[in-house]
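What's in query08.tsv: TSV, N, CA and C atoms
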```
chain	number	residue	atom	x	y	z
A	1	PRO	N	-3.76	-21.57	32.61
A	1	PRO	CA	-4.78	-20.95	31.75
A	1	PRO	C	-6.02	-20.50	32.51
A	2	ASP	N	-6.37	-21.20	33.58
A	2	ASP	CA	-7.58	-20.84	34.33
A	2	ASP	C	-7.44	-19.52	35.07
A	3	SER	N	-6.23	-19.19	35.52
A	3	SER	CA	-6.03	-17.97	36.31
A	3	SER	C	-5.96	-16.72	35.44
A	4	GLY	N	-5.54	-16.87	34.19
A	4	GLY	CA	-5.33	-15.71	33.34
A	4	GLY	C	-4.03	-14.99	33.62
A	5	ASP	N	-3.24	-15.48	34.56
A	5	ASP	CA	-1.96	-14.87	34.88
A	5	ASP	C	-0.94	-15.14	33.78
A	6	VAL	N	-0.16	-14.14	33.45
A	6	VAL	CA	0.93	-14.33	32.49
A	6	VAL	C	2.12	-14.89	33.26
A	7	VAL	N	2.61	-16.04	32.83
A	7	VAL	CA	3.75	-16.67	33.51
A	7	VAL	C	4.96	-16.83	32.60
A	8	GLY	N	4.78	-16.54	31.33
A	8	GLY	CA	5.87	-16.66	30.38
A	8	GLY	C	5.41	-16.15	29.04
A	9	GLY	N	6.29	-16.22	28.05
A	9	GLY	CA	5.91	-15.80	26.71
A	9	GLY	C	7.11	-15.35	25.91
A	10	ALA	N	6.80	-14.69	24.80
A	10	ALA	CA	7.83	-14.22	23.88
A	10	ALA	C	7.54	-12.77	23.53
A	11	SER	N	8.60	-12.00	23.35
A	11	SER	CA	8.44	-10.64	22.85
A	11	SER	C	9.56	-10.36	21.87
A	12	GLY	N	9.28	-9.46	20.96
A	12	GLY	CA	10.27	-9.13	19.95
A	12	GLY	C	9.81	-7.95	19.13
A	13	ARG	N	10.35	-7.87	17.93
A	13	ARG	CA	10.03	-6.75	17.05
A	13	ARG	C	10.27	-7.16	15.62
A	14	THR	N	9.75	-6.36	14.71
A	14	THR	CA	9.99	-6.59	13.30
A	14	THR	C	10.60	-5.34	12.69
A	15	SER	N	11.48	-5.56	11.72
A	15	SER	CA	12.13	-4.45	11.04
A	15	SER	C	12.69	-4.93	9.71
A	16	LEU	N	12.32	-4.24	8.65
A	16	LEU	CA	12.87	-4.50	7.32
A	16	LEU	C	12.78	-5.97	6.92
A	17	GLY	N	11.66	-6.60	7.20
A	17	GLY	CA	11.44	-7.98	6.80
A	17	GLY	C	12.04	-9.02	7.73
A	18	LEU	N	12.58	-8.57	8.87
A	18	LEU	CA	13.15	-9.49	9.85
A	18	LEU	C	12.32	-9.49	11.13
A	19	LEU	N	12.15	-10.67	11.69
A	19	LEU	CA	11.50	-10.84	12.99
A	19	LEU	C	12.61	-11.10	14.01
A	20	PHE	N	12.68	-10.26	15.04
A	20	PHE	CA	13.69	-10.40	16.08
A	20	PHE	C	13.02	-10.95	17.33
A	21	LEU	N	13.48	-12.08	17.80
A	21	LEU	CA	13.00	-12.63	19.07
A	21	LEU	C	13.93	-12.11	20.15
A	22	ASP	N	13.42	-11.18	20.96
A	22	ASP	CA	14.25	-10.53	21.97
A	22	ASP	C	14.22	-11.25	23.32
A	23	LEU	N	13.05	-11.67	23.76
A	23	LEU	CA	12.90	-12.33	25.05
A	23	LEU	C	11.97	-13.53	24.91
A	24	PHE	N	12.33	-14.63	25.54
A	24	PHE	CA	11.48	-15.82	25.55
A	24	PHE	C	11.67	-16.50	26.90
A	25	HIS	N	10.58	-16.72	27.60
A	25	HIS	CA	10.69	-17.37	28.91
A	25	HIS	C	9.48	-18.26	29.15
A	26	LEU	N	9.75	-19.41	29.70
A	26	LEU	CA	8.71	-20.32	30.16
A	26	LEU	C	9.22	-20.94	31.45
A	27	PRO	N	8.44	-20.87	32.54
A	27	PRO	CA	8.91	-21.46	33.80
A	27	PRO	C	9.22	-22.94	33.63
A	28	GLU	N	10.19	-23.43	34.38
A	28	GLU	CA	10.59	-24.84	34.28
A	28	GLU	C	9.41	-25.78	34.46
A	29	THR	N	8.46	-25.40	35.30
A	29	THR	CA	7.30	-26.28	35.56
A	29	THR	C	6.42	-26.46	34.33
A	30	LEU	N	6.56	-25.58	33.33
A	30	LEU	CA	5.75	-25.67	32.12
A	30	LEU	C	6.54	-26.15	30.91
A	31	ARG	N	7.80	-26.48	31.10
A	31	ARG	CA	8.64	-26.93	29.98
A	31	ARG	C	8.43	-28.42	29.73
A	32	GLY	N	8.70	-28.83	28.49
A	32	GLY	CA	8.59	-30.24	28.13
A	32	GLY	C	7.18	-30.71	27.83
A	33	MET	N	6.24	-29.77	27.73
A	33	MET	CA	4.85	-30.13	27.46
A	33	MET	C	4.35	-29.60	26.11
A	34	GLY	N	5.28	-29.02	25.33
A	34	GLY	CA	4.90	-28.48	24.03
A	34	GLY	C	4.43	-27.04	24.06
A	35	ILE	N	4.36	-26.45	25.25
A	35	ILE	CA	3.88	-25.07	25.36
A	35	ILE	C	4.88	-24.11	24.73
A	36	GLY	N	6.16	-24.30	25.01
A	36	GLY	CA	7.19	-23.43	24.43
A	36	GLY	C	7.19	-23.49	22.92
A	37	THR	N	7.05	-24.69	22.38
A	37	THR	CA	6.99	-24.84	20.92
A	37	THR	C	5.78	-24.11	20.35
A	38	GLU	N	4.67	-24.17	21.04
A	38	GLU	CA	3.47	-23.48	20.57
A	38	GLU	C	3.63	-21.97	20.66
A	39	VAL	N	4.22	-21.47	21.73
A	39	VAL	CA	4.47	-20.03	21.84
A	39	VAL	C	5.39	-19.59	20.71
A	40	LEU	N	6.44	-20.34	20.45
A	40	LEU	CA	7.37	-20.01	19.37
A	40	LEU	C	6.68	-20.06	18.02
A	41	ARG	N	5.84	-21.06	17.79
A	41	ARG	CA	5.10	-21.17	16.53
A	41	ARG	C	4.22	-19.93	16.31
A	42	ARG	N	3.53	-19.51	17.35
A	42	ARG	CA	2.66	-18.33	17.24
A	42	ARG	C	3.46	-17.06	17.02
A	43	PHE	N	4.63	-16.97	17.65
A	43	PHE	CA	5.51	-15.83	17.45
A	43	PHE	C	5.95	-15.75	15.99
A	44	GLU	N	6.37	-16.89	15.44
A	44	GLU	CA	6.79	-16.95	14.04
A	44	GLU	C	5.63	-16.59	13.12
A	45	GLU	N	4.45	-17.07	13.43
A	45	GLU	CA	3.27	-16.77	12.61
A	45	GLU	C	2.98	-15.27	12.60
A	46	GLU	N	3.14	-14.62	13.73
A	46	GLU	CA	2.95	-13.17	13.78
A	46	GLU	C	3.96	-12.47	12.89
A	47	GLY	N	5.19	-12.96	12.88
A	47	GLY	CA	6.19	-12.40	11.98
A	47	GLY	C	5.78	-12.56	10.52
A	48	ARG	N	5.28	-13.72	10.16
A	48	ARG	CA	4.80	-13.94	8.78
A	48	ARG	C	3.66	-12.98	8.46
A	49	ARG	N	2.75	-12.82	9.41
A	49	ARG	CA	1.60	-11.93	9.21
A	49	ARG	C	2.08	-10.50	8.95
A	50	ARG	N	3.20	-10.14	9.56
A	50	ARG	CA	3.76	-8.80	9.37
A	50	ARG	C	4.64	-8.69	8.14
A	51	GLY	N	4.75	-9.77	7.38
A	51	GLY	CA	5.52	-9.75	6.14
A	51	GLY	C	6.97	-10.12	6.27
A	52	CYS	N	7.37	-10.66	7.40
A	52	CYS	CA	8.77	-11.03	7.60
A	52	CYS	C	9.10	-12.32	6.85
A	53	ARG	N	10.30	-12.36	6.32
A	53	ARG	CA	10.76	-13.55	5.60
A	53	ARG	C	11.77	-14.36	6.39
A	54	SER	N	12.35	-13.74	7.42
A	54	SER	CA	13.34	-14.43	8.26
A	54	SER	C	13.19	-13.98	9.71
A	55	ALA	N	13.70	-14.83	10.60
A	55	ALA	CA	13.70	-14.52	12.02
A	55	ALA	C	15.10	-14.75	12.58
A	56	VAL	N	15.47	-13.98	13.60
A	56	VAL	CA	16.77	-14.14	14.25
A	56	VAL	C	16.61	-14.10	15.77
A	57	VAL	N	17.48	-14.81	16.44
A	57	VAL	CA	17.51	-14.83	17.90
A	57	VAL	C	18.93	-15.14	18.33
A	58	TYR	N	19.30	-14.67	19.52
A	58	TYR	CA	20.51	-15.19	20.12
A	58	TYR	C	20.17	-15.67	21.51
A	59	THR	N	20.86	-16.71	21.91
A	59	THR	CA	20.70	-17.29	23.22
A	59	THR	C	22.09	-17.57	23.77
A	60	ILE	N	22.16	-18.12	24.95
A	60	ILE	CA	23.45	-18.45	25.54
A	60	ILE	C	23.60	-19.97	25.52
A	61	SER	N	24.81	-20.43	25.33
A	61	SER	CA	25.07	-21.85	25.11
A	61	SER	C	24.45	-22.76	26.16
A	62	PHE	N	24.34	-22.30	27.41
A	62	PHE	CA	23.77	-23.16	28.45
A	62	PHE	C	22.26	-22.99	28.59
A	63	GLN	N	21.66	-22.13	27.76
A	63	GLN	CA	20.22	-21.90	27.87
A	63	GLN	C	19.44	-22.78	26.89
A	64	ALA	N	19.23	-22.30	25.66
A	64	ALA	CA	18.22	-22.96	24.84
A	64	ALA	C	18.56	-23.18	23.37
A	65	PRO	N	19.84	-23.25	22.96
A	65	PRO	CA	20.05	-23.42	21.52
A	65	PRO	C	19.41	-24.69	20.95
A	66	GLN	N	19.42	-25.76	21.71
A	66	GLN	CA	18.83	-27.01	21.20
A	66	GLN	C	17.32	-26.89	21.01
A	67	PHE	N	16.66	-26.14	21.88
A	67	PHE	CA	15.21	-25.91	21.73
A	67	PHE	C	14.92	-25.27	20.38
A	68	TYR	N	15.66	-24.21	20.05
A	68	TYR	CA	15.44	-23.54	18.77
A	68	TYR	C	15.77	-24.46	17.59
A	69	GLU	N	16.86	-25.19	17.71
A	69	GLU	CA	17.25	-26.10	16.62
A	69	GLU	C	16.18	-27.18	16.41
A	70	ARG	N	15.60	-27.70	17.47
A	70	ARG	CA	14.52	-28.68	17.34
A	70	ARG	C	13.31	-28.09	16.61
A	71	ASN	N	13.19	-26.77	16.64
A	71	ASN	CA	12.07	-26.09	16.02
A	71	ASN	C	12.43	-25.46	14.68
A	72	GLY	N	13.51	-25.94	14.07
A	72	GLY	CA	13.85	-25.54	12.71
A	72	GLY	C	14.76	-24.34	12.57
A	73	TRP	N	15.26	-23.81	13.67
A	73	TRP	CA	16.19	-22.68	13.62
A	73	TRP	C	17.60	-23.23	13.33
A	74	VAL	N	18.40	-22.42	12.64
A	74	VAL	CA	19.74	-22.84	12.22
A	74	VAL	C	20.79	-21.92	12.84
A	75	ARG	N	21.79	-22.52	13.42
A	75	ARG	CA	22.89	-21.79	14.04
A	75	ARG	C	23.73	-21.15	12.94
A	76	PHE	N	23.99	-19.83	13.07
A	76	PHE	CA	24.85	-19.19	12.07
A	76	PHE	C	26.05	-18.48	12.68
A	77	GLY	N	26.16	-18.53	13.98
A	77	GLY	CA	27.32	-17.92	14.61
A	77	GLY	C	27.38	-18.20	16.09
A	78	GLU	N	28.58	-18.07	16.63
A	78	GLU	CA	28.79	-18.29	18.05
A	78	GLU	C	29.96	-17.41	18.47
A	79	VAL	N	29.77	-16.68	19.58
A	79	VAL	CA	30.79	-15.77	20.07
A	79	VAL	C	31.06	-16.10	21.54
A	80	PRO	N	32.31	-16.37	21.90
A	80	PRO	CA	32.64	-16.66	23.31
A	80	PRO	C	32.28	-15.46	24.20
A	81	CYS	N	31.85	-15.77	25.41
A	81	CYS	CA	31.55	-14.73	26.40
A	81	CYS	C	31.85	-15.29	27.79
A	82	ASP	N	31.57	-14.51	28.80
A	82	ASP	CA	31.78	-14.98	30.18
A	82	ASP	C	30.52	-15.64	30.71
A	83	PRO	N	30.63	-16.56	31.62
A	83	PRO	CA	31.86	-17.11	32.17
A	83	PRO	C	32.60	-17.95	31.13
A	84	PRO	N	33.89	-18.17	31.35
A	84	PRO	CA	34.68	-18.96	30.40
A	84	PRO	C	33.99	-20.28	30.05
A	85	GLY	N	34.06	-20.62	28.76
A	85	GLY	CA	33.42	-21.84	28.28
A	85	GLY	C	32.00	-21.62	27.79
A	86	THR	N	31.52	-20.40	27.95
A	86	THR	CA	30.16	-20.04	27.54
A	86	THR	C	30.23	-19.24	26.25
A	87	SER	N	29.17	-19.29	25.46
A	87	SER	CA	29.13	-18.48	24.24
A	87	SER	C	27.71	-18.03	23.95
A	88	ARG	N	27.63	-16.93	23.21
A	88	ARG	CA	26.34	-16.48	22.67
A	88	ARG	C	26.17	-17.22	21.37
A	89	VAL	N	24.99	-17.79	21.18
A	89	VAL	CA	24.69	-18.57	20.00
A	89	VAL	C	23.64	-17.83	19.19
A	90	PHE	N	23.92	-17.56	17.92
A	90	PHE	CA	23.03	-16.84	17.03
A	90	PHE	C	22.35	-17.82	16.09
A	91	LEU	N	21.03	-17.71	15.98
A	91	LEU	CA	20.26	-18.63	15.13
A	91	LEU	C	19.30	-17.84	14.26
A	92	SER	N	18.94	-18.42	13.12
A	92	SER	CA	17.96	-17.80	12.23
A	92	SER	C	17.02	-18.87	11.70
A	93	LYS	N	15.91	-18.40	11.15
A	93	LYS	CA	14.93	-19.29	10.55
A	93	LYS	C	14.25	-18.59	9.41
A	94	ALA	N	14.15	-19.25	8.27
A	94	ALA	CA	13.36	-18.71	7.16
A	94	ALA	C	11.89	-18.88	7.51
A	95	LEU	N	11.14	-17.82	7.32
A	95	LEU	CA	9.71	-17.87	7.61
A	95	LEU	C	8.93	-18.11	6.34
```
Mind turning the file's structure into structure tokens?
Amino acid sequence: PDSGDVVGGASGRTSLGLLFLDLFHLPETLRGMGIGTEVLRRFEEEGRRRGCRSAVVYTISFQAPQFYERNGWVRFGEVPCDPPGTSRVFLSKAL
């Protein structure tokens, strides 16, 4: 925070009442301290401010599905992809 450098964050878009989380990144050195949860909370709040009623995201099975689930997102689909044993995980959240 003191440097003002951007080291991570979230980006997305809104369309027809849906908030799409397209990119989310936080360096490993900043994980586990509640920063990611706060970034996600603020992202969701921006969606609400824009009139969105739901949010959607997809992640990869070895990345962050549990993070989203801990924050109230619900898995609604999973599609196998490469490498073998990996899948894209689709989640949504009512705003």
Checklist entry - Taking into account only C-alpha atoms, which residue in the set A:Val74, A:Cys52, A:Ala10, A:Pro80 is nearest to Val39 of chain A? => result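 For Val39 of chain A, the nearest of the given residues is A:Ala10.
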Checklist entry - Nearest to Arg41 of chain A among A:Pro27, A:Gly77, A:Pro65, A:Gly72, with distances taken over only C-alpha atoms: which residue is it? => result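 Among A:Pro27, A:Gly77, A:Pro65, A:Gly72, it is A:Gly72 that comes nearest to Arg41 of chain A.
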Checklist entry - Which residue, A:Phe43, A:Phe67, A:Tyr58, A:Phe24, has the smallest gap to Gly9 of chain A when you use only C-alpha atoms? => result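 Of the candidates, the smallest distance to Gly9 of chain A is held by A:Phe24.
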I'd like the box whose edges run along x, y and z of the file and which contains every listed atom of segment 70-79 of chain A, padded by 4 Å per side; could you state its centre and edge lengths in Å, one decimal, as JSON?
```
{"center_x": 21.6, "center_y": -22.2, "center_z": 16.8, "size_x": 27.0, "size_y": 20.9, "size_z": 17.5}
```
Next on the checklist: Measuring between only C-alpha atoms, which one of A:Ser3, A:Ser61, A:Thr29, A:Thr37 shows the shortest distance to Asp82 of chain A?
Outcome noted: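 Nearest candidate to Asp82 of chain A out of A:Ser3, A:Ser61, A:Thr29, A:Thr37: A:Ser61.
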Checklist entry - By how many Å are atom C of Arg50 of chain A and atom CA of Tyr68 of chain A apart? => result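 Between atom C of Arg50 of chain A and atom CA of Tyr68 of chain A the gap is 21.2 Å.
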Item to check | Selection: 6 Å around Gly17 of chain A, only N, CA and C atoms, excl. self and same-chain fewer than 5 positions, as a PyMOL selection string | outcome: chain A and resi 51-54
Next on the checklist: What's around Val57 of chain A at 8 Å? Count only C-alpha atoms, leave out sequence neighbours fewer than 2 positions away in its own chain, and write the answer as a list of chain:residue names.
Outcome noted: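 Neighbouring residues, sequence-local ones excluded: A:Phe20, A:Leu21, A:Asp22, A:Ala55, A:Thr59, A:Phe90, A:Leu91, A:Ser92.
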Item to check | chain A: residues DSSP assigns to alpha helix (DSSP H), reported as a count of residues only | outcome: 21
What's the 7 Å shell around Gly36 of chain A, counting only C-alpha atoms, without same-chain residues fewer than 4 positions away, as a PDB file with N, CA and C atoms, keeping the file's coordinate frame?
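What ended up in around-v6.pdb:
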```
ATOM      1  N   LEU A  26       9.750 -19.410  29.700  1.00  0.00           N
ATOM      2  CA  LEU A  26       8.710 -20.320  30.160  1.00  0.00           C
ATOM      3  C   LEU A  26       9.220 -20.940  31.450  1.00  0.00           C
ATOM      4  N   ARG A  31       7.800 -26.480  31.100  1.00  0.00           N
ATOM      5  CA  ARG A  31       8.640 -26.930  29.980  1.00  0.00           C
ATOM      6  C   ARG A  31       8.430 -28.420  29.730  1.00  0.00           C
ATOM      7  N   LEU A  40       6.440 -20.340  20.450  1.00  0.00           N
ATOM      8  CA  LEU A  40       7.370 -20.010  19.370  1.00  0.00           C
ATOM      9  C   LEU A  40       6.680 -20.060  18.020  1.00  0.00           C
TER      10      LEU A  40
END
```
Checklist entry - A:Leu19, A:His25, A:Val89, A:Glu69: which is nearest Glu46 of chain A, counting all atoms listed in the file? => result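 Checking each candidate against Glu46 of chain A, we get A:Leu19 as the closest.
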Item to check | Shortest interatomic distance to Val56 of chain A - which of A:Arg88, A:Arg75, A:Lys93, A:Arg42, counting all atoms listed in the file | outcome: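 Going through A:Arg88, A:Arg75, A:Lys93, A:Arg42 one by one, the smallest distance to Val56 of chain A is for A:Lys93.
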Some atoms are absent from segment 22-33 of chain A, so rebuild all heavy atoms and return them as a short mmCIF file (atom, residue, chain, number, x, y, z; two decimals), in the frame of the given file.
```cif
data_model
loop_
_atom_site.label_atom_id
_atom_site.label_comp_id
_atom_site.auth_asym_id
_atom_site.auth_seq_id
_atom_site.Cartn_x
_atom_site.Cartn_y
_atom_site.Cartn_z
N ASP A 22 13.42 -11.18 20.96
CA ASP A 22 14.25 -10.53 21.97
C ASP A 22 14.22 -11.25 23.32
O ASP A 22 15.25 -11.40 23.97
CB ASP A 22 13.81 -9.08 22.17
CG ASP A 22 14.06 -8.22 20.94
OD1 ASP A 22 15.04 -8.48 20.22
OD2 ASP A 22 13.26 -7.30 20.69
N LEU A 23 13.05 -11.67 23.76
CA LEU A 23 12.90 -12.33 25.05
C LEU A 23 11.97 -13.53 24.91
O LEU A 23 10.92 -13.42 24.26
CB LEU A 23 12.33 -11.37 26.10
CG LEU A 23 13.17 -10.16 26.45
CD1 LEU A 23 12.36 -9.19 27.32
CD2 LEU A 23 14.45 -10.57 27.16
N PHE A 24 12.33 -14.63 25.54
CA PHE A 24 11.48 -15.82 25.55
C PHE A 24 11.67 -16.50 26.90
O PHE A 24 12.79 -16.79 27.29
CB PHE A 24 11.90 -16.77 24.42
CG PHE A 24 10.96 -17.91 24.19
CD1 PHE A 24 10.11 -17.92 23.11
CD2 PHE A 24 10.91 -18.99 25.06
CE1 PHE A 24 9.24 -18.97 22.90
CE2 PHE A 24 10.04 -20.04 24.86
CZ PHE A 24 9.21 -20.03 23.78
N HIS A 25 10.58 -16.72 27.60
CA HIS A 25 10.69 -17.37 28.91
C HIS A 25 9.48 -18.26 29.15
O HIS A 25 8.35 -17.88 28.84
CB HIS A 25 10.79 -16.35 30.03
CG HIS A 25 10.78 -17.00 31.38
ND1 HIS A 25 11.87 -17.69 31.88
CD2 HIS A 25 9.81 -17.10 32.32
CE1 HIS A 25 11.56 -18.17 33.07
NE2 HIS A 25 10.32 -17.83 33.37
N LEU A 26 9.75 -19.41 29.70
CA LEU A 26 8.71 -20.32 30.16
C LEU A 26 9.22 -20.94 31.45
O LEU A 26 10.34 -21.46 31.48
CB LEU A 26 8.46 -21.41 29.11
CG LEU A 26 7.14 -22.16 29.21
CD1 LEU A 26 5.95 -21.24 29.05
CD2 LEU A 26 7.09 -23.25 28.16
N PRO A 27 8.44 -20.87 32.54
CA PRO A 27 8.91 -21.46 33.80
C PRO A 27 9.22 -22.94 33.63
O PRO A 27 8.58 -23.63 32.83
CB PRO A 27 7.73 -21.27 34.75
CG PRO A 27 6.88 -20.22 34.15
CD PRO A 27 7.10 -20.31 32.67
N GLU A 28 10.19 -23.43 34.38
CA GLU A 28 10.59 -24.84 34.28
C GLU A 28 9.41 -25.78 34.46
O GLU A 28 9.36 -26.83 33.84
CB GLU A 28 11.69 -25.15 35.28
CG GLU A 28 13.01 -24.54 34.86
CD GLU A 28 14.20 -25.32 35.35
OE1 GLU A 28 14.10 -26.54 35.51
OE2 GLU A 28 15.23 -24.67 35.56
N THR A 29 8.46 -25.40 35.30
CA THR A 29 7.30 -26.28 35.56
C THR A 29 6.42 -26.46 34.33
O THR A 29 5.64 -27.40 34.28
CB THR A 29 6.44 -25.72 36.71
OG1 THR A 29 6.02 -24.39 36.37
CG2 THR A 29 7.20 -25.70 38.01
N LEU A 30 6.56 -25.58 33.33
CA LEU A 30 5.75 -25.67 32.12
C LEU A 30 6.54 -26.15 30.91
O LEU A 30 6.00 -26.23 29.81
CB LEU A 30 5.10 -24.32 31.81
CG LEU A 30 4.14 -23.79 32.88
CD1 LEU A 30 3.64 -22.40 32.51
CD2 LEU A 30 2.97 -24.75 33.07
N ARG A 31 7.80 -26.48 31.10
CA ARG A 31 8.64 -26.93 29.98
C ARG A 31 8.43 -28.42 29.73
O ARG A 31 8.02 -29.16 30.62
CB ARG A 31 10.11 -26.65 30.28
CG ARG A 31 10.38 -25.16 30.39
CD ARG A 31 11.80 -24.86 30.75
NE ARG A 31 11.92 -23.43 31.06
CZ ARG A 31 13.00 -22.87 31.56
NH1 ARG A 31 14.09 -23.60 31.79
NH2 ARG A 31 13.02 -21.58 31.83
N GLY A 32 8.70 -28.83 28.49
CA GLY A 32 8.59 -30.24 28.13
C GLY A 32 7.18 -30.71 27.83
O GLY A 32 6.94 -31.90 27.68
N MET A 33 6.24 -29.77 27.73
CA MET A 33 4.85 -30.13 27.46
C MET A 33 4.35 -29.60 26.11
O MET A 33 3.18 -29.67 25.81
CB MET A 33 3.94 -29.59 28.58
CG MET A 33 4.28 -30.16 29.94
SD MET A 33 3.14 -29.66 31.24
CE MET A 33 3.47 -27.92 31.37
#
```
